[in-house]
Amino acid sequence: MANTMKLIAKKCFSKAIQVTDRIHVHELVLETLQEIRIKYRWEVMDRENQPILQAKSENKTYIPPTLKIMDIL
């Protein structure tokens, strides 16, 4: 699927038909999704750490917000 590989295949096997392997496309999509998940998780962790560091700099105890069951219903 890379341009260099396409060029090599075209020059070496001029009469061949190129196809995209579904399994490898699936693998590339999953890898990309995982990278996106990791990126957003780090962003969330940074947002969570800001109030913790703020409390620490003020010599206070950080109490994280909690979600009550009744808030959901």
# chains A, B, ... in the order shown; residues from 1 in each chain; ligands from 1

$ residues_around --residues "stretch 60-63 of chain A" --least-positions-apart "6" --cutoff "12 Å" --atoms "only C-alpha atoms" --output "PyMOL selection string"
chain A and resi 48-54

$ atom_distance --atom1 "atom CA of A:Asn3" --atom2 "atom CA of A:Lys39"
27.6 Å

$ select_by_dssp --residues "stretch 13-64 of chain A" --states "alpha helix (DSSP H)" --output "MDAnalysis selection string"
chainID A and resid 22:57
